[in-house]
$ cat my_file04.cif   # mmCIF, C-alpha atoms and all ligand atoms
data_protein
#
loop_
_atom_site.label_atom_id
_atom_site.label_comp_id
_atom_site.auth_asym_id
_atom_site.auth_seq_id
_atom_site.Cartn_x
_atom_site.Cartn_y
_atom_site.Cartn_z
CA MET A 1 75.00 173.48 74.42
CA GLN A 2 74.22 170.99 77.20
CA GLU A 3 76.18 171.65 80.40
CA ILE A 4 77.09 168.57 82.44
CA ASP A 5 79.55 167.54 85.16
CA TYR A 6 81.24 164.59 83.41
CA ILE A 7 81.71 162.88 80.05
CA VAL A 8 82.70 159.22 80.51
CA VAL A 9 84.43 157.45 77.60
CA GLY A 10 84.11 153.64 77.81
CA LEU A 11 81.56 151.49 79.60
CA GLY A 12 83.45 148.48 80.87
CA ILE A 13 83.72 147.92 84.62
CA ALA A 14 85.79 151.10 85.04
CA GLY A 15 83.06 153.18 83.36
CA ILE A 16 80.21 151.48 85.24
CA THR A 17 81.79 151.85 88.68
CA PHE A 18 82.57 155.52 88.03
CA CYS A 19 79.02 156.21 86.74
CA GLU A 20 77.71 154.70 89.96
CA GLN A 21 79.82 157.16 91.97
CA LEU A 22 78.39 159.98 89.87
CA GLU A 23 74.79 158.82 90.33
CA ARG A 24 75.20 158.48 94.10
CA ASN A 25 76.48 162.02 94.25
CA ASN A 26 73.88 163.53 91.90
CA LYS A 27 76.40 164.52 89.23
CA SER A 28 75.19 164.84 85.64
CA PHE A 29 77.00 162.81 82.97
CA ILE A 30 76.93 161.33 79.47
CA VAL A 31 78.70 158.09 78.50
CA TYR A 32 80.25 157.31 75.10
CA ASP A 33 80.81 153.64 74.40
CA ALA A 34 81.82 151.92 71.18
CA GLY A 35 80.87 148.50 72.59
CA ASP A 36 83.51 146.57 70.70
CA THR A 37 86.62 145.44 72.54
CA THR A 38 85.48 145.11 76.08
CA SER A 39 87.51 143.04 78.46
CA THR A 40 84.70 143.17 81.01
CA LEU A 41 82.28 141.30 78.72
CA VAL A 42 84.73 138.44 78.23
CA SER A 43 85.92 138.17 81.82
CA ALA A 44 84.70 135.29 83.97
CA GLY A 45 84.05 137.91 86.64
CA VAL A 46 85.70 135.98 89.45
CA ILE A 47 86.09 137.77 92.76
CA ASN A 48 88.96 136.10 94.56
CA PRO A 49 91.14 137.53 97.33
CA VAL A 50 94.08 135.10 97.03
CA VAL A 51 96.95 134.46 94.59
CA LEU A 52 96.32 130.74 94.20
CA LYS A 53 99.74 129.94 92.79
CA ARG A 54 101.62 131.00 95.91
CA PHE A 55 98.90 131.26 98.60
CA THR A 56 99.45 134.96 99.24
CA PRO A 57 96.81 137.71 99.48
CA ASN A 58 96.09 139.81 96.41
CA TRP A 59 96.90 143.51 96.45
CA ASN A 60 94.49 145.22 98.94
CA ALA A 61 92.53 141.96 99.06
CA LYS A 62 90.31 142.70 102.06
CA LEU A 63 89.32 146.20 100.94
CA HIS A 64 88.77 145.23 97.30
CA VAL A 65 86.78 142.08 98.01
CA GLU A 66 84.57 143.62 100.70
CA THR A 67 83.86 146.73 98.62
CA SER A 68 83.19 144.75 95.45
CA ILE A 69 80.80 142.26 97.04
CA ALA A 70 78.80 145.13 98.57
CA PHE A 71 78.91 147.04 95.25
CA TYR A 72 77.67 144.14 93.11
CA LYS A 73 74.92 143.29 95.63
CA GLY A 74 73.79 146.92 95.47
CA LEU A 75 73.92 146.98 91.66
CA SER A 76 71.93 143.71 91.46
CA LYS A 77 69.23 145.30 93.59
CA LYS A 78 69.23 148.57 91.65
CA LEU A 79 68.93 146.86 88.26
CA SER A 80 66.77 143.96 89.58
CA ILE A 81 69.08 141.31 88.10
CA PRO A 82 71.01 138.40 89.67
CA LEU A 83 74.57 139.68 89.13
CA LEU A 84 76.54 138.05 91.93
CA LYS A 85 76.81 134.35 92.74
CA GLU A 86 78.70 133.70 95.96
CA VAL A 87 80.27 130.41 94.87
CA PRO A 88 83.21 128.78 96.71
CA MET A 89 86.57 128.42 94.96
CA LEU A 90 88.42 125.10 95.30
CA ARG A 91 92.15 124.94 94.60
CA ILE A 92 93.33 121.48 93.54
CA PHE A 93 96.45 120.41 95.46
CA LYS A 94 99.22 118.80 93.44
CA SER A 95 101.11 117.28 96.37
CA VAL A 96 101.35 116.80 100.12
CA GLU A 97 103.80 119.70 100.13
CA GLU A 98 101.09 121.99 98.74
CA GLN A 99 98.65 120.78 101.38
CA ASN A 100 101.22 121.71 104.04
CA ASN A 101 101.88 125.12 102.48
CA TRP A 102 98.14 125.81 102.48
CA MET A 103 97.81 124.94 106.17
CA VAL A 104 100.76 127.21 107.05
CA ALA A 105 99.29 130.05 104.94
CA SER A 106 95.82 129.66 106.46
CA ASP A 107 97.34 130.35 109.87
CA LYS A 108 98.73 133.75 108.81
CA ASN A 109 96.84 136.85 109.95
CA GLU A 110 96.32 138.31 106.49
CA LEU A 111 94.99 135.00 105.08
CA SER A 112 93.12 133.33 107.93
CA ASP A 113 89.86 134.97 106.88
CA PHE A 114 90.25 133.70 103.30
CA LEU A 115 91.74 130.19 103.47
CA TYR A 116 89.61 127.45 104.99
CA PRO A 117 92.01 125.64 107.35
CA GLU A 118 91.16 122.05 106.38
CA ILE A 119 91.87 119.86 103.38
CA ILE A 120 88.64 119.12 101.47
CA LYS A 121 88.38 115.54 100.20
CA ASN A 122 87.50 115.09 96.54
CA GLU A 123 84.19 113.30 96.13
CA ASN A 124 83.66 114.08 92.45
CA SER A 125 84.88 111.13 90.37
CA ALA A 126 85.00 113.34 87.23
CA ILE A 127 87.87 115.42 88.71
CA TYR A 128 91.46 114.30 89.27
CA ALA A 129 92.31 115.58 92.72
CA PRO A 130 93.94 112.80 94.78
CA PHE A 131 95.41 115.35 97.22
CA GLY A 132 92.08 117.11 97.68
CA PHE A 133 91.27 120.81 97.63
CA GLY A 134 91.87 124.00 99.57
CA LYS A 135 88.73 126.11 99.87
CA VAL A 136 88.86 129.90 99.55
CA ASN A 137 86.26 131.95 101.45
CA HIS A 138 84.71 135.24 100.28
CA THR A 139 84.79 134.34 96.59
CA GLY A 140 82.11 134.84 93.97
CA MET A 141 81.44 135.44 90.33
CA ILE A 142 79.77 138.24 88.44
CA ASN A 143 77.68 137.71 85.34
CA THR A 144 79.52 140.41 83.41
CA THR A 145 77.50 140.05 80.18
CA LEU A 146 74.28 140.58 82.08
CA MET A 147 75.83 143.51 83.94
CA ILE A 148 77.03 145.32 80.79
CA ASN A 149 73.80 144.74 78.85
CA SER A 150 71.57 145.77 81.77
CA TYR A 151 73.65 148.83 82.61
CA LYS A 152 73.54 149.99 78.99
CA GLU A 153 69.77 149.59 78.98
CA TYR A 154 69.55 151.52 82.25
CA LEU A 155 71.57 154.42 80.78
CA ARG A 156 69.66 154.33 77.47
CA ASN A 157 66.41 154.80 79.37
CA LYS A 158 67.88 157.87 81.03
CA ASN A 159 69.29 159.25 77.75
CA LYS A 160 72.79 159.06 79.18
CA LEU A 161 74.41 156.70 76.67
CA VAL A 162 75.81 157.53 73.23
CA GLU A 163 76.70 154.29 71.46
CA GLU A 164 79.45 155.45 69.17
CA VAL A 165 83.22 155.81 69.02
CA PHE A 166 84.44 158.90 70.83
CA ASP A 167 86.39 161.12 68.44
CA TYR A 168 89.41 162.56 70.27
CA ASN A 169 90.09 164.98 67.39
CA ILE A 170 87.06 167.13 68.10
CA LEU A 171 87.59 167.37 71.86
CA LYS A 172 88.55 170.87 72.99
CA GLU A 173 89.42 172.28 76.37
CA GLU A 174 88.53 175.97 76.76
CA ASP A 175 88.82 177.88 80.04
CA GLU A 176 89.01 174.63 82.02
CA THR A 177 85.85 173.33 80.31
CA ILE A 178 85.71 170.23 78.14
CA CYS A 179 83.81 170.85 74.89
CA TYR A 180 82.65 167.96 72.71
CA ASN A 181 79.95 168.34 70.05
CA ASP A 182 77.10 170.10 71.88
CA LEU A 183 78.36 169.12 75.34
CA LYS A 184 80.16 171.35 77.82
CA SER A 185 81.52 169.32 80.68
CA LYS A 186 83.56 170.10 83.80
CA LYS A 187 85.61 166.92 83.39
CA ILE A 188 86.09 163.91 81.13
CA ILE A 189 86.92 160.40 82.36
CA PHE A 190 88.83 158.19 79.96
CA SER A 191 88.01 154.57 80.84
CA GLU A 192 88.58 152.84 77.49
CA GLY A 193 90.45 149.77 78.77
CA ALA A 194 93.27 148.59 76.49
CA SER A 195 92.00 150.89 73.68
CA VAL A 196 93.38 153.87 75.61
CA ARG A 197 96.47 153.31 73.48
CA ASN A 198 94.53 155.16 70.73
CA ASN A 199 93.91 158.13 73.02
CA PRO A 200 96.24 161.01 72.04
CA PHE A 201 96.01 162.49 75.56
CA PHE A 202 97.38 159.30 77.18
CA PRO A 203 101.17 159.25 77.55
CA PRO A 204 102.85 157.83 74.43
CA PRO A 205 105.53 155.13 74.57
CA PRO A 206 108.96 156.55 75.54
CA VAL A 207 110.85 158.02 72.57
CA SER A 208 113.81 155.84 73.56
CA GLY A 209 111.77 152.84 72.43
CA GLY A 210 110.81 151.52 75.87
CA LYS A 211 107.54 149.84 76.78
CA HIS A 212 104.18 151.58 76.34
CA LEU A 213 102.55 152.41 79.70
CA LEU A 214 99.55 150.27 78.91
CA ILE A 215 100.44 146.70 77.98
CA PRO A 216 97.56 144.77 76.39
CA ASN A 217 97.36 141.18 77.61
CA LYS A 218 95.05 138.98 75.58
CA GLY A 219 93.02 136.30 77.32
CA GLU A 220 90.89 133.54 75.83
CA TYR A 221 88.35 131.16 77.34
CA ILE A 222 86.64 128.12 75.91
CA ILE A 223 83.07 127.32 76.91
CA VAL A 224 82.53 123.59 77.27
CA ASN A 225 79.52 121.37 77.68
CA ALA A 226 80.27 118.59 80.20
CA PRO A 227 77.08 116.87 81.46
CA ASN A 228 78.97 114.45 83.72
CA LEU A 229 81.13 117.05 85.48
CA GLN A 230 78.32 118.06 87.87
CA LEU A 231 80.28 120.88 89.46
CA ASN A 232 78.82 123.73 91.50
CA GLU A 233 82.05 125.26 92.80
CA MET A 234 84.73 127.16 90.86
CA ILE A 235 87.89 125.08 90.43
CA LYS A 236 91.45 126.41 90.15
CA SER A 237 94.26 124.21 88.91
CA SER A 238 96.40 125.07 85.88
CA LEU A 239 93.28 126.98 84.77
CA PHE A 240 89.92 128.06 86.16
CA ILE A 241 86.77 125.99 85.62
CA ILE A 242 83.76 128.22 86.19
CA PRO A 243 80.26 126.66 86.31
CA LEU A 244 77.77 128.65 84.21
CA GLY A 245 74.74 126.37 84.71
CA ASN A 246 73.04 123.95 82.28
CA ASP A 247 76.21 121.76 82.15
CA LEU A 248 78.23 124.63 80.66
CA TYR A 249 81.62 125.73 82.03
CA LYS A 250 83.93 128.61 81.21
CA VAL A 251 87.49 127.30 81.09
CA GLY A 252 90.66 129.41 80.99
CA ALA A 253 92.17 131.75 80.59
CA THR A 254 95.26 132.19 78.43
CA TYR A 255 97.72 135.10 78.67
CA SER A 256 99.40 136.62 75.63
CA ARG A 257 101.30 139.86 75.15
CA GLU A 258 102.11 139.09 71.53
CA ASP A 259 98.69 139.22 69.88
CA TYR A 260 96.50 142.34 70.35
CA SER A 261 93.64 141.15 68.15
CA ILE A 262 90.31 140.23 69.71
CA HIS A 263 89.94 137.16 67.51
CA THR A 264 89.89 133.72 69.10
CA THR A 265 92.69 131.36 68.12
CA LYS A 266 93.03 127.64 67.44
CA GLU A 267 96.21 127.56 69.58
CA ALA A 268 94.37 128.84 72.66
CA ARG A 269 91.49 126.42 72.10
CA GLU A 270 93.87 123.45 71.88
CA GLU A 271 95.95 124.58 74.86
CA LEU A 272 92.89 125.02 77.10
CA ALA A 273 91.21 121.78 75.98
CA SER A 274 94.39 119.80 76.57
CA LYS A 275 94.88 121.28 80.05
CA LEU A 276 91.24 120.60 80.90
CA ALA A 277 91.58 116.95 79.83
CA LYS A 278 94.32 116.57 82.46
CA ILE A 279 92.01 117.86 85.22
CA ILE A 280 88.72 116.12 84.44
CA SER A 281 88.05 112.53 83.41
CA CYS A 282 84.60 112.97 81.83
CA SER A 283 84.03 113.89 78.19
CA PHE A 284 83.39 117.48 77.12
CA ASN A 285 82.62 119.44 73.95
CA VAL A 286 83.92 122.91 73.19
CA VAL A 287 80.80 124.89 72.27
CA ASP A 288 82.16 128.42 72.17
CA GLN A 289 85.30 130.52 72.62
CA VAL A 290 85.81 134.17 73.59
CA ALA A 291 88.77 136.57 73.68
CA GLY A 292 89.39 139.90 75.37
CA ILE A 293 92.28 142.24 76.11
CA ARG A 294 93.28 142.95 79.71
CA PRO A 295 94.59 146.49 80.26
CA THR A 296 97.75 145.64 82.22
CA THR A 297 100.57 147.98 83.24
CA ARG A 298 104.30 147.84 83.77
CA ASP A 299 104.06 147.79 87.58
CA ARG A 300 100.72 145.91 87.68
CA LYS A 301 98.94 148.84 89.31
CA PRO A 302 96.12 150.93 87.82
CA PHE A 303 96.46 154.42 86.36
CA LEU A 304 94.14 156.86 88.09
CA GLY A 305 93.95 160.63 87.95
CA THR A 306 95.28 163.42 85.79
CA LEU A 307 98.52 164.37 84.05
CA LYS A 308 100.31 167.74 84.34
CA GLU A 309 98.72 169.02 81.11
CA SER A 310 95.12 169.15 82.37
CA ASN A 311 93.19 168.77 85.62
CA ASN A 312 90.03 167.96 83.73
CA LYS A 313 91.14 165.09 81.51
CA VAL A 314 91.05 162.15 83.90
CA PHE A 315 92.28 158.59 83.38
CA TYR A 316 90.79 155.50 85.00
CA ASN A 317 92.63 152.58 83.47
CA GLY A 318 95.17 149.78 83.96
CA LEU A 319 92.74 147.50 85.81
CA GLY A 320 94.79 144.52 84.64
CA THR A 321 93.90 140.95 85.49
CA ARG A 322 91.60 141.70 88.43
CA GLY A 323 89.52 144.68 87.42
CA ILE A 324 86.18 143.16 88.37
CA THR A 325 87.44 142.83 91.93
CA SER A 326 89.29 146.13 92.30
CA ALA A 327 87.15 148.58 90.27
CA PRO A 328 84.43 149.35 92.86
CA SER A 329 87.00 150.44 95.43
CA LEU A 330 89.19 152.32 92.89
CA ALA A 331 86.21 154.27 91.48
CA LYS A 332 85.43 155.47 94.99
CA GLU A 333 89.04 156.56 95.50
CA LEU A 334 89.09 158.39 92.16
CA TYR A 335 85.83 160.19 92.89
CA GLN A 336 87.03 161.31 96.35
CA TYR A 337 90.19 162.65 94.73
CA LEU A 338 88.34 164.58 92.02
CA GLU A 339 85.48 165.99 94.05
CA ASN A 340 86.69 166.11 97.64
CA GLY A 341 90.40 166.75 97.17
CA GLU A 342 91.51 163.54 98.89
CA ALA A 343 95.00 162.38 97.92
CA LEU A 344 95.33 159.45 95.54
CA ASP A 345 97.43 156.56 96.74
CA LYS A 346 100.87 157.00 95.12
CA GLU A 347 100.87 153.46 93.77
CA VAL A 348 97.74 154.10 91.65
CA ASN A 349 98.34 157.74 90.71
CA ILE A 350 99.11 158.03 86.97
CA LYS A 351 101.60 160.80 87.80
CA ARG A 352 104.06 158.12 89.01
CA TYR A 353 104.84 157.63 85.35
CA TYR A 354 106.89 160.87 85.33
CA ASN A 355 109.48 159.05 87.47
CA TRP A 356 109.84 156.12 85.07
C1 LIG A 401 90.00 136.67 79.60
C2 LIG A 401 89.89 137.60 80.77
C3 LIG A 401 89.54 137.09 82.04
C4 LIG A 401 89.43 137.94 83.13
N1 LIG A 401 89.03 137.43 84.33
C5 LIG A 401 88.87 138.25 85.40
C6 LIG A 401 88.35 137.77 86.61
O1 LIG A 401 87.96 136.60 86.70
N2 LIG A 401 88.27 138.61 87.67
C7 LIG A 401 88.64 139.92 87.60
O2 LIG A 401 88.55 140.65 88.61
N3 LIG A 401 89.10 140.43 86.43
C8 LIG A 401 89.23 139.63 85.34
N4 LIG A 401 89.70 140.11 84.15
C9 LIG A 401 90.15 141.50 84.10
C10 LIG A 401 89.01 142.47 83.93
O3 LIG A 401 88.07 141.93 83.03
C11 LIG A 401 89.55 143.82 83.43
O4 LIG A 401 90.47 144.33 84.36
C12 LIG A 401 88.43 144.84 83.26
O5 LIG A 401 87.35 144.28 82.58
C13 LIG A 401 88.91 146.09 82.53
O6 LIG A 401 87.79 146.93 82.43
P1 LIG A 401 87.83 148.34 81.69
O7 LIG A 401 86.53 148.99 81.98
O8 LIG A 401 89.06 149.07 82.05
O9 LIG A 401 87.95 148.00 80.13
P2 LIG A 401 86.92 147.31 79.12
O10 LIG A 401 86.07 146.33 79.81
O11 LIG A 401 87.72 146.82 77.97
O12 LIG A 401 85.96 148.48 78.64
C14 LIG A 401 86.40 149.54 77.83
C15 LIG A 401 85.21 150.08 77.04
O13 LIG A 401 85.63 151.28 76.39
C16 LIG A 401 85.08 151.31 75.09
N5 LIG A 401 85.92 152.21 74.26
C17 LIG A 401 87.24 152.15 74.02
N6 LIG A 401 87.64 153.18 73.23
C18 LIG A 401 86.53 153.90 72.98
C19 LIG A 401 86.27 155.11 72.24
N7 LIG A 401 87.24 155.80 71.59
N8 LIG A 401 84.99 155.57 72.16
C20 LIG A 401 83.98 154.93 72.82
N9 LIG A 401 84.18 153.80 73.56
C21 LIG A 401 85.43 153.29 73.64
C22 LIG A 401 85.14 149.84 74.63
O14 LIG A 401 84.24 149.61 73.58
C23 LIG A 401 84.73 149.13 75.93
O15 LIG A 401 83.32 148.98 76.00
C24 LIG A 401 89.74 139.31 83.00
C25 LIG A 401 90.07 139.83 81.75
C26 LIG A 401 90.12 138.98 80.62
C27 LIG A 401 90.41 139.55 79.26
#

$ encode --input "my_file04.cif" --output "structure tokens"
Amino acid sequence: MQEIDYIVVGLGIAGITFCEQLERNNKSFIVYDAGDTTSTLVSAGVINPVVLKRFTPNWNAKLHVETSIAFYKGLSKKLSIPLLKEVPMLRIFKSVEEQNNWMVASDKNELSDFLYPEIIKNENSAIYAPFGFGKVNHTGMINTTLMINSYKEYLRNKNKLVEEVFDYNILKEEDETICYNDLKSKKIIFSEGASVRNNPFFPPPPVSGGKHLLIPNKGEYIIVNAPNLQLNEMIKSSLFIIPLGNDLYKVGATYSREDYSIHTTKEAREELASKLAKIISCSFNVVDQVAGIRPTTRDRKPFLGTLKESNNKVFYNGLGTRGITSAPSLAKELYQYLENGEALDKEVNIKRYYNW
């Protein structure tokens, strides 16, 4: 039997950020990851503090953005890879009214640090933006594929990664110890993203037929080649256009609560290509398409912590549409709760579900 502090199930951004807390605090751990349906791999990895539809700050914007930028810089250094690109985000204005709303918002205390208080003129003839752009400060993008692949390699080299499906049926809890195969662990962290719906320890849907706690939300991107677009910034209009380099752009994403498969669809490809054609005037070719499932929740807040049944089976899930941005700060909060007895914020504590 190998005695360790933690078993971690799932190595998306939730798993990675929690492993980093464990490493910093010299805790021993083993990760199980099936490597199939990761939302983190598919994500464009945009760090953005503002809701660009309404010009309001995101939930805990300042804390999440500051912590995540510092976290990804640190991880880049640790793994010696270029993870973070601090690229500006430009929001295309649709009207003079939107320009005015932006200027009013940029004057508000909670947004003044994020919204550049001038209208940026469009000088790129391949983009339709007669009313110009609003520029968001403190934005960036993470190369999530590079992050996942490099982090796996890092764990493999330390013999801390088991690349297989975790089998919930053989997990036992004896005298407050988690037993799994030849491992004895003080705690187990379940960070399986939307697949947590297969976890028998996660709360089931209400018997009355109400909504499951974890609501999968499928998102698809197309990758396009557009040599004449010549764009260095991220663009937000009816969709995001994210420059990947070499004339490639990630364009999307879609939102669907109907289809839980991870297959790409013709409908999404056509929808995204038709929206893109209304934003740019140059030609483009769709060269690839990806799909992932966002782990969203009923109240749009994550699920952190333990249920009444066990103090050692811990959930870190529900990262929703902005997990890349919020995970570094949430992992810290979860670790402080588990190891230092600090209270979890009520709005992220999974125990709130008992009141639903
Ligand atoms: C299309 C799309 C675009 C997005 N864009 C952004 C963005 O720009 N910015 C942003 O902040 N967020 C974005 N998000 C949201 C963000 O990607 C998610 O919130 C986040 O990736 C969720 O991470 P996770 O670790 O919880 O889950 P995942 O990344 O899905 O990871 C879960 C892991 O658990 C493993 N697993 C599951 N079950 C088992 C098991 N039984 N045994 C072993 N392993 C298991 C899976 O294989 C997977 O590797 C986007 C999401 C999507 C889908």

$ closest_residue --input "my_file04.cif" --among "A:Val65, A:Leu272, A:Ala14, A:Leu231" --to "Phe303 of chain A" --atoms "only C-alpha atoms"
A:Ala14

$ closest_residue --input "my_file04.cif" --among "A:Glu271, A:Glu118, A:Glu333, A:Asp182" --to "Ser238 of chain A" --atoms "only C-alpha atoms"
A:Glu271

$ residues_around --input "my_file04.cif" --residues "Glu163 of chain A" --least-positions-apart "3" --cutoff "7 Å" --atoms "all atoms listed in the file" --output "ChimeraX atom specification"
/A:32-34

$ residues_around --input "my_file04.cif" --residues "segment 54-62 of chain A" --least-positions-apart "6" --cutoff "12 Å" --atoms "only C-alpha atoms" --output "PDB file with C-alpha atoms, in the coordinates of the input"
ATOM      1  CA  ILE A  47      86.090 137.770  92.760  1.00  0.00           C
ATOM      2  CA  ASN A  48      88.960 136.100  94.560  1.00  0.00           C
ATOM      3  CA  SER A  68      83.190 144.750  95.450  1.00  0.00           C
ATOM      4  CA  ILE A  69      80.800 142.260  97.040  1.00  0.00           C
ATOM      5  CA  ARG A  91      92.150 124.940  94.600  1.00  0.00           C
ATOM      6  CA  PHE A  93      96.450 120.410  95.460  1.00  0.00           C
ATOM      7  CA  GLU A  98     101.090 121.990  98.740  1.00  0.00           C
ATOM      8  CA  GLN A  99      98.650 120.780 101.380  1.00  0.00           C
ATOM      9  CA  ASN A 100     101.220 121.710 104.040  1.00  0.00           C
ATOM     10  CA  ASN A 101     101.880 125.120 102.480  1.00  0.00           C
ATOM     11  CA  TRP A 102      98.140 125.810 102.480  1.00  0.00           C
ATOM     12  CA  MET A 103      97.810 124.940 106.170  1.00  0.00           C
ATOM     13  CA  VAL A 104     100.760 127.210 107.050  1.00  0.00           C
ATOM     14  CA  ALA A 105      99.290 130.050 104.940  1.00  0.00           C
ATOM     15  CA  SER A 106      95.820 129.660 106.460  1.00  0.00           C
ATOM     16  CA  ASP A 107      97.340 130.350 109.870  1.00  0.00           C
ATOM     17  CA  LYS A 108      98.730 133.750 108.810  1.00  0.00           C
ATOM     18  CA  ASN A 109      96.840 136.850 109.950  1.00  0.00           C
ATOM     19  CA  GLU A 110      96.320 138.310 106.490  1.00  0.00           C
ATOM     20  CA  LEU A 111      94.990 135.000 105.080  1.00  0.00           C
ATOM     21  CA  SER A 112      93.120 133.330 107.930  1.00  0.00           C
ATOM     22  CA  ASP A 113      89.860 134.970 106.880  1.00  0.00           C
ATOM     23  CA  PHE A 114      90.250 133.700 103.300  1.00  0.00           C
ATOM     24  CA  LEU A 115      91.740 130.190 103.470  1.00  0.00           C
ATOM     25  CA  TYR A 116      89.610 127.450 104.990  1.00  0.00           C
ATOM     26  CA  GLY A 134      91.870 124.000  99.570  1.00  0.00           C
ATOM     27  CA  LYS A 135      88.730 126.110  99.870  1.00  0.00           C
ATOM     28  CA  VAL A 136      88.860 129.900  99.550  1.00  0.00           C
ATOM     29  CA  ASN A 137      86.260 131.950 101.450  1.00  0.00           C
ATOM     30  CA  HIS A 138      84.710 135.240 100.280  1.00  0.00           C
ATOM     31  CA  THR A 139      84.790 134.340  96.590  1.00  0.00           C
ATOM     32  CA  ARG A 300     100.720 145.910  87.680  1.00  0.00           C
ATOM     33  CA  LYS A 301      98.940 148.840  89.310  1.00  0.00           C
ATOM     34  CA  PRO A 302      96.120 150.930  87.820  1.00  0.00           C
ATOM     35  CA  THR A 321      93.900 140.950  85.490  1.00  0.00           C
ATOM     36  CA  ARG A 322      91.600 141.700  88.430  1.00  0.00           C
ATOM     37  CA  GLY A 323      89.520 144.680  87.420  1.00  0.00           C
ATOM     38  CA  THR A 325      87.440 142.830  91.930  1.00  0.00           C
ATOM     39  CA  SER A 326      89.290 146.130  92.300  1.00  0.00           C
ATOM     40  CA  ALA A 327      87.150 148.580  90.270  1.00  0.00           C
ATOM     41  CA  SER A 329      87.000 150.440  95.430  1.00  0.00           C
ATOM     42  CA  LEU A 330      89.190 152.320  92.890  1.00  0.00           C
ATOM     43  CA  ASP A 345      97.430 156.560  96.740  1.00  0.00           C
ATOM     44  CA  GLU A 347     100.870 153.460  93.770  1.00  0.00           C
ATOM     45  CA  VAL A 348      97.740 154.100  91.650  1.00  0.00           C
TER      46      VAL A 348
END

$ atom_distance --input "my_file04.cif" --atom1 "atom P2 of ligand LIG 401 (chain A)" --atom2 "atom CA of Tyr335 of chain A"
18.9 Å

$ residues_around --input "my_file04.cif" --residues "Asn124 of chain A" --least-positions-apart "6" --cutoff "10 Å" --atoms "all atoms listed in the file" --output "list of chain:residue names"
A:Asn228, A:Leu229, A:Gln230, A:Leu231, A:Ile280

$ atom_distance --input "my_file04.cif" --atom1 "atom CA of Lys308 of chain A" --atom2 "atom CA of Pro205 of chain A"
16.8 Å

$ closest_residue --input "my_file04.cif" --among "A:Phe201, A:Phe71, A:Tyr221, A:Tyr353" --to "ligand LIG 401 (chain A)" --atoms "only C-alpha atoms and all ligand atoms"
A:Tyr221

$ atom_distance --input "my_file04.cif" --atom1 "atom CA of Asn225 of chain A" --atom2 "atom O10 of ligand LIG 401 (chain A)"
25.9 Å

$ closest_residue --input "my_file04.cif" --among "A:Val251, A:Met147, A:Ala331, A:Leu52" --to "Leu344 of chain A" --atoms "only C-alpha atoms"
A:Ala331

$ closest_residue --input "my_file04.cif" --among "A:Asp299, A:Tyr354, A:Ser310, A:Glu233" --to "Pro88 of chain A" --atoms "all atoms listed in the file"
A:Glu233

$ closest_residue --input "my_file04.cif" --among "A:Glu3, A:Glu86, A:Glu123, A:Glu192" --to "ligand LIG 401 (chain A)" --atoms "all atoms listed in the file"
A:Glu192

$ residues_around --input "my_file04.cif" --residues "Arg197 of chain A" --least-positions-apart "5" --cutoff "9 Å" --atoms "only C-alpha atoms" --output "VMD selection string"
chain A and resid 192 202 to 204 212 to 215

$ axis_aligned_box --input "my_file04.cif" --around "segment 216-226 of chain A" --padding-each-side "6 Å" --output "JSON"
{"center_x": 88.5, "center_y": 131.7, "center_z": 77.9, "size_x": 30.0, "size_y": 38.2, "size_z": 16.6}

$ residues_around --input "my_file04.cif" --residues "Leu155 of chain A" --least-positions-apart "2" --cutoff "12 Å" --atoms "all atoms listed in the file" --output "number ranges by chain"
A: 11, 15-16, 19-20, 23, 29-33, 79, 148-153, 157-163
